[in-house]
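Visitor: Please see the structure below; I have some questions.
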Amino acid sequence: MKTLLLLSILAALAVAALCYESHESMESYEISPFINRRNANTFISQQQRWRAKAQERIRERTKPAYEFNREACDDYKLCERYATVYGYNAAYNRYFRQRRGGK
């Protein structure tokens with residue numbers, strides 16, 4: 001009986017310690033998680049934005065062939081379903097390669 005009483009006291013203390021809300025936990029409620037558009041744009045400078053856009057254009061031009069095949073397959077629902085089972089390469093070969101006179 002003493003063990004049960006001691007165990008219940010320890011459990012009550014553990015619950016009280018773990019559920020205690022300190023002042024630090026309330027600080028997150030004071031600040032809004034959203035910032036306005038002007039402050040959001042100050043994180044990245046104009047030059048960094050321009051550089052990122054230029055790199056994106058370069059990446060779009062230099063895509064590998066399998067990426068173009070995958071995008072073509074994503075636009076066609078049957079090809080996309082086939083790709084989930086057999087892979088994009090097999091799906092592209094089945095639905096698009098034969099139309100171009102391949103094989």
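Quick note on naming: the chains in the structure tokens go A, B, ... in the order shown, residues restart at 1 in each chain, and ligands are numbered from 1 in order of appearance.
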Give me the residues near range 67-81 of chain A as a list in words, where near means some atom within 9 Å (using only C-alpha atoms) and where sequence neighbours in that chain fewer than 3 positions away do not count.
Guide: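 Counting only C-alpha atoms, the residues come to Lys63, Pro64, Thr84, Val85, Tyr86, Gly87, Tyr88, Asn89, Ala91, Tyr92, Arg94, Tyr95 and Phe96 of chain A.
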Visitor: Could you write out, as a ChimeraX atom specification, all the residues of chain A that DSSP marks as helix (DSSP H, G or I)?
Guide: /A:2-19,23-30,37-41,46-61,65-75,77-86,88-97
Visitor: In Å, with one decimal, what is the gap from CA of Ile58 in chain A to CA of Gln46 in chain A?
Guide: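 Value for the CA of Ile58 in chain A-CA of Gln46 in chain A distance: 18.5 Å.
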